[in-house]
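What's in my_file11.txt: compact mmCIF, C-alpha atoms
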# COMPACT_ATOMS: atom_id res chain seq x y z
CA MET A 951 91.64 88.58 48.63
CA VAL A 952 90.98 89.85 45.12
CA VAL A 953 87.70 89.28 43.36
CA SER A 954 88.58 89.82 39.69
CA ILE A 955 86.09 91.58 37.49
CA GLY A 956 88.59 92.77 34.92
CA ASN A 957 92.27 93.46 34.75
CA SER A 958 92.61 97.20 34.66
CA LEU A 959 91.82 99.43 37.63
CA PRO A 960 92.20 98.05 41.17
CA VAL A 961 89.32 99.29 43.37
CA ILE A 962 90.04 98.99 47.11
CA ILE A 963 87.13 99.28 49.56
CA ASP A 964 87.52 100.62 53.11
CA THR A 965 85.34 99.51 56.02
CA ASN A 966 83.60 102.84 56.55
CA PHE A 967 82.85 103.11 52.83
CA ALA A 968 81.24 99.65 52.81
CA ILE A 969 79.07 100.58 55.80
CA PHE A 970 78.04 103.95 54.39
CA ALA A 971 77.38 102.54 50.91
CA THR A 972 75.17 99.85 52.48
CA GLU A 973 73.24 102.41 54.54
CA MET A 974 72.75 104.60 51.43
CA ARG A 975 71.74 101.51 49.40
CA VAL A 976 74.37 102.08 46.75
CA ASP A 977 74.48 99.41 44.02
CA LEU A 978 78.27 99.10 44.04
CA ARG A 979 78.55 96.91 40.94
CA ASN A 980 76.51 99.32 38.80
CA GLU A 981 78.26 102.38 40.20
CA PHE A 982 81.74 100.91 39.62
CA ARG A 983 80.74 100.06 36.04
CA ARG A 984 79.40 103.61 35.58
CA LEU A 985 82.62 105.17 36.90
CA PHE A 986 85.24 102.78 35.55
CA GLY A 987 83.60 100.81 32.76
CA ALA A 988 83.84 97.04 32.70
CA SER A 989 87.58 96.94 33.28
CA TYR A 990 88.23 97.02 37.02
CA GLU A 991 89.10 94.57 39.76
CA LEU A 992 87.60 94.71 43.21
CA VAL A 993 90.28 94.37 45.88
CA VAL A 994 88.85 93.35 49.23
CA ILE A 995 91.49 93.37 51.95
CA PRO A 996 91.05 90.49 54.46
CA GLU A 997 91.50 92.92 57.39
CA VAL A 998 88.53 94.93 56.07
CA VAL A 999 86.38 91.79 55.86
CA MET A 1000 87.36 90.81 59.42
CA GLU A 1001 86.58 94.34 60.64
CA LEU A 1002 83.18 94.22 58.94
CA ARG A 1003 82.43 90.85 60.55
CA ARG A 1004 83.22 92.24 64.03
CA LEU A 1005 80.86 95.21 63.76
CA LYS A 1006 77.42 95.20 65.28
CA ARG A 1007 75.97 96.81 62.14
CA ARG A 1008 76.82 94.01 59.77
CA VAL A 1009 77.40 94.72 56.12
CA PRO A 1010 76.22 91.95 53.82
CA LEU A 1011 79.54 90.83 52.34
CA LYS A 1012 77.80 89.60 49.23
CA ILE A 1013 77.52 93.25 48.10
CA LEU A 1014 81.32 93.16 47.90
CA GLY A 1015 81.18 89.99 45.85
CA ILE A 1016 82.39 87.81 48.73
CA THR A 1017 80.78 84.42 49.27
CA GLU A 1018 80.63 82.69 52.65
CA GLU A 1019 83.45 80.35 51.56
CA GLU A 1020 85.75 83.27 50.73
CA GLN A 1021 85.31 85.06 54.04
CA PRO A 1022 88.37 84.98 56.28
CA LYS A 1023 87.93 82.77 59.30
CA GLY A 1024 89.92 82.58 62.49
CA ASN A 1025 92.61 79.90 62.54
CA GLY A 1026 90.98 78.12 65.48
CA GLY A 1027 94.29 78.18 67.36
CA THR A 1028 95.87 75.72 64.93
CA GLU A 1029 98.37 78.18 63.52
CA LYS A 1030 100.62 80.77 65.03
CA PRO A 1031 98.73 84.09 65.02
CA ALA A 1032 99.86 86.37 62.22
CA MET A 1033 100.96 89.88 62.99
CA ILE A 1034 97.72 91.81 63.31
CA ILE A 1035 97.59 95.09 61.43
CA SER A 1036 94.73 97.53 61.09
CA ALA A 1037 92.52 97.59 58.03
CA ASP A 1038 93.84 101.09 57.23
CA ASP A 1039 97.46 99.89 57.39
CA ALA A 1040 96.57 96.96 55.12
CA ILE A 1041 94.90 99.32 52.64
CA ILE A 1042 97.96 101.59 52.63
CA ASP A 1043 100.19 98.56 52.05
CA GLU A 1044 97.98 97.48 49.12
CA VAL A 1045 98.07 100.98 47.58
CA ALA A 1046 101.88 100.90 47.90
CA ARG A 1047 101.97 97.45 46.29
CA GLN A 1048 99.77 98.59 43.42
CA ASN A 1049 101.94 101.70 42.94
CA GLY A 1050 104.98 99.42 42.85
CA LEU A 1051 103.32 97.57 39.97
CA GLY A 1052 102.88 100.87 38.16
CA ARG A 1053 99.15 101.03 38.89
CA THR A 1054 97.13 103.84 40.47
CA PRO A 1055 94.28 102.20 42.41
CA ALA A 1056 90.92 103.68 43.31
CA VAL A 1057 90.42 103.79 47.09
CA CYS A 1058 86.79 103.86 48.21
CA THR A 1059 86.80 105.62 51.57
CA MET A 1060 85.01 108.29 53.55
CA ASP A 1061 87.92 108.40 56.05
CA ALA A 1062 89.84 111.71 55.85
CA MET A 1063 92.64 110.36 58.07
CA LEU A 1064 93.22 107.36 55.78
CA LYS A 1065 93.37 109.71 52.79
CA LYS A 1066 95.94 111.91 54.60
CA ARG A 1067 98.05 108.89 55.55
CA ILE A 1068 98.13 107.64 51.95
CA LYS A 1069 99.09 111.11 50.69
CA ALA A 1070 101.77 111.47 53.42
CA ARG A 1071 103.49 108.36 52.02
CA GLY A 1072 103.53 109.96 48.57
CA LEU A 1073 101.34 107.22 47.08
CA ARG A 1074 99.15 107.72 44.01
CA PHE A 1075 95.44 106.88 44.27
CA ILE A 1076 92.00 107.91 43.08
CA GLN A 1077 89.52 108.59 45.87
CA VAL A 1078 85.94 107.39 45.47
CA VAL A 1079 83.22 108.59 47.87
CA VAL A 1080 79.46 108.23 48.23
CA ARG A 1081 77.69 111.35 46.97
CA GLY A 1082 74.00 112.04 47.34
CA LYS A 1083 71.51 109.23 47.18
CA ALA A 1084 72.97 105.93 46.06
CA GLN A 1085 75.68 107.40 43.84
CA LEU A 1086 79.49 107.27 43.87
CA SER A 1087 81.83 110.06 42.83
CA VAL A 1088 85.53 110.34 42.07
CA VAL A 1089 87.20 113.23 43.94

How does the structure come out when it is put into structure tokens?
Amino acid sequence: MVVSIGNSLPVIIDTNFAIFATEMRVDLRNEFRRLFGASYELVVIPEVVMELRRLKRRVPLKILGITEEEQPKGNGGTEKPAMIISADDAIIDEVARQNGLGRTPAVCTMDAMLKKRIKARGLRFIQVVVRGKAQLSVV
């Protein structure tokens, strides 16, 4: 699921980043505009949304720009179950897809293992983390 805000820099959000940003009360829209200007697109991986919905500490998905209608739902047993992959694997696949399109995405994550896995595949990305009170930083 891609919520387009521009057409330049893909910004991919990881589950732990969404949780931490919510706890730190980061205004994601303002921070993304501060870091990347007006030309970015928020890429919300369905596996991340499903992972967020399963957690006991719920993250309001509206902070990611996702409406109730856009949230992934279970198939109610009407379709064959798709191959289930982890949110991290889906993020890595999206970074690889973006690299294949000649783009270097920003990956918003606090997960050192995810960062290592992306680097181990030789993929290009910009890491964004939460720094201090309610502020994002590119590392």

Exercise. Please, what distance in Å, to one decimal, runs between atom CA of A:Gly1050 and atom CA of A:Asn980?
Worked result: 28.8 Å

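Closest approach to A:Arg983 among A:Ile1035, A:Leu959, A:Leu1073, A:Ala1046 is made by A:Leu959 (distances from only C-alpha atoms).
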
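For the pair atom CA of A:Ala1070 and atom CA of A:Leu992, the interatomic distance is 24.2 Å.
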
Exercise. Using only C-alpha atoms, which residues sit within 8 Å of A:Glu997 once same-chain residues fewer than 2 positions away are excluded, as a ChimeraX atom specification?
Worked result: /A:995,999-1001,1035-1037,1040

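The space between atom CA of A:Val1080 and atom CA of A:Glu1044 spans 21.4 Å.
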
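Comparing the minimum interatomic distances between A:Met1060 and each of A:Val1079, A:Val994, A:Val1045, A:Ile969, counting all atoms listed in the file, we find that A:Val1079 sits nearest.
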
Problem set entry | 12 Å contact set for A:Arg1053, only C-alpha atoms, chain neighbours under 4 positions out, as a ChimeraX atom specification | /A:957-961,990-991,1044-1049,1073-1076

For this session: Take the point (94.4, 111.0, 47.0) as written in the file and pick out every residue within 12 Å of it, counting only C-alpha atoms; give the list as an MDAnalysis selection string.
Result: chainID A and resid 1042 1045 1054:1079 1088:1089

May I have the residues from that selection written out with C-alpha atoms, as a PDB file, keeping the file's coordinate frame?
ATOM      1  CA  ILE A1042      97.960 101.590  52.630  1.00  0.00           C
ATOM      2  CA  VAL A1045      98.070 100.980  47.580  1.00  0.00           C
ATOM      3  CA  THR A1054      97.130 103.840  40.470  1.00  0.00           C
ATOM      4  CA  PRO A1055      94.280 102.200  42.410  1.00  0.00           C
ATOM      5  CA  ALA A1056      90.920 103.680  43.310  1.00  0.00           C
ATOM      6  CA  VAL A1057      90.420 103.790  47.090  1.00  0.00           C
ATOM      7  CA  CYS A1058      86.790 103.860  48.210  1.00  0.00           C
ATOM      8  CA  THR A1059      86.800 105.620  51.570  1.00  0.00           C
ATOM      9  CA  MET A1060      85.010 108.290  53.550  1.00  0.00           C
ATOM     10  CA  ASP A1061      87.920 108.400  56.050  1.00  0.00           C
ATOM     11  CA  ALA A1062      89.840 111.710  55.850  1.00  0.00           C
ATOM     12  CA  MET A1063      92.640 110.360  58.070  1.00  0.00           C
ATOM     13  CA  LEU A1064      93.220 107.360  55.780  1.00  0.00           C
ATOM     14  CA  LYS A1065      93.370 109.710  52.790  1.00  0.00           C
ATOM     15  CA  LYS A1066      95.940 111.910  54.600  1.00  0.00           C
ATOM     16  CA  ARG A1067      98.050 108.890  55.550  1.00  0.00           C
ATOM     17  CA  ILE A1068      98.130 107.640  51.950  1.00  0.00           C
ATOM     18  CA  LYS A1069      99.090 111.110  50.690  1.00  0.00           C
ATOM     19  CA  ALA A1070     101.770 111.470  53.420  1.00  0.00           C
ATOM     20  CA  ARG A1071     103.490 108.360  52.020  1.00  0.00           C
ATOM     21  CA  GLY A1072     103.530 109.960  48.570  1.00  0.00           C
ATOM     22  CA  LEU A1073     101.340 107.220  47.080  1.00  0.00           C
ATOM     23  CA  ARG A1074      99.150 107.720  44.010  1.00  0.00           C
ATOM     24  CA  PHE A1075      95.440 106.880  44.270  1.00  0.00           C
ATOM     25  CA  ILE A1076      92.000 107.910  43.080  1.00  0.00           C
ATOM     26  CA  GLN A1077      89.520 108.590  45.870  1.00  0.00           C
ATOM     27  CA  VAL A1078      85.940 107.390  45.470  1.00  0.00           C
ATOM     28  CA  VAL A1079      83.220 108.590  47.870  1.00  0.00           C
ATOM     29  CA  VAL A1088      85.530 110.340  42.070  1.00  0.00           C
ATOM     30  CA  VAL A1089      87.200 113.230  43.940  1.00  0.00           C
TER      31      VAL A1089
END

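Minimum distance to A:Asp1038 across A:Ser1087, A:Phe986, A:Val998, A:Leu1051 (counting all atoms listed in the file) occurs at A:Val998.
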
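The nearest approach to A:Glu981 among the residues A:Ala968, A:Ile1034, A:Ala1084, A:Leu1005, with only C-alpha atoms taken into account, belongs to A:Ala1084.
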
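Distances here use all atoms listed in the file; by that measure, the residue among A:Leu1002, A:Arg979, A:Asp1043, A:Phe970 closest to A:Gly1082 is A:Phe970.
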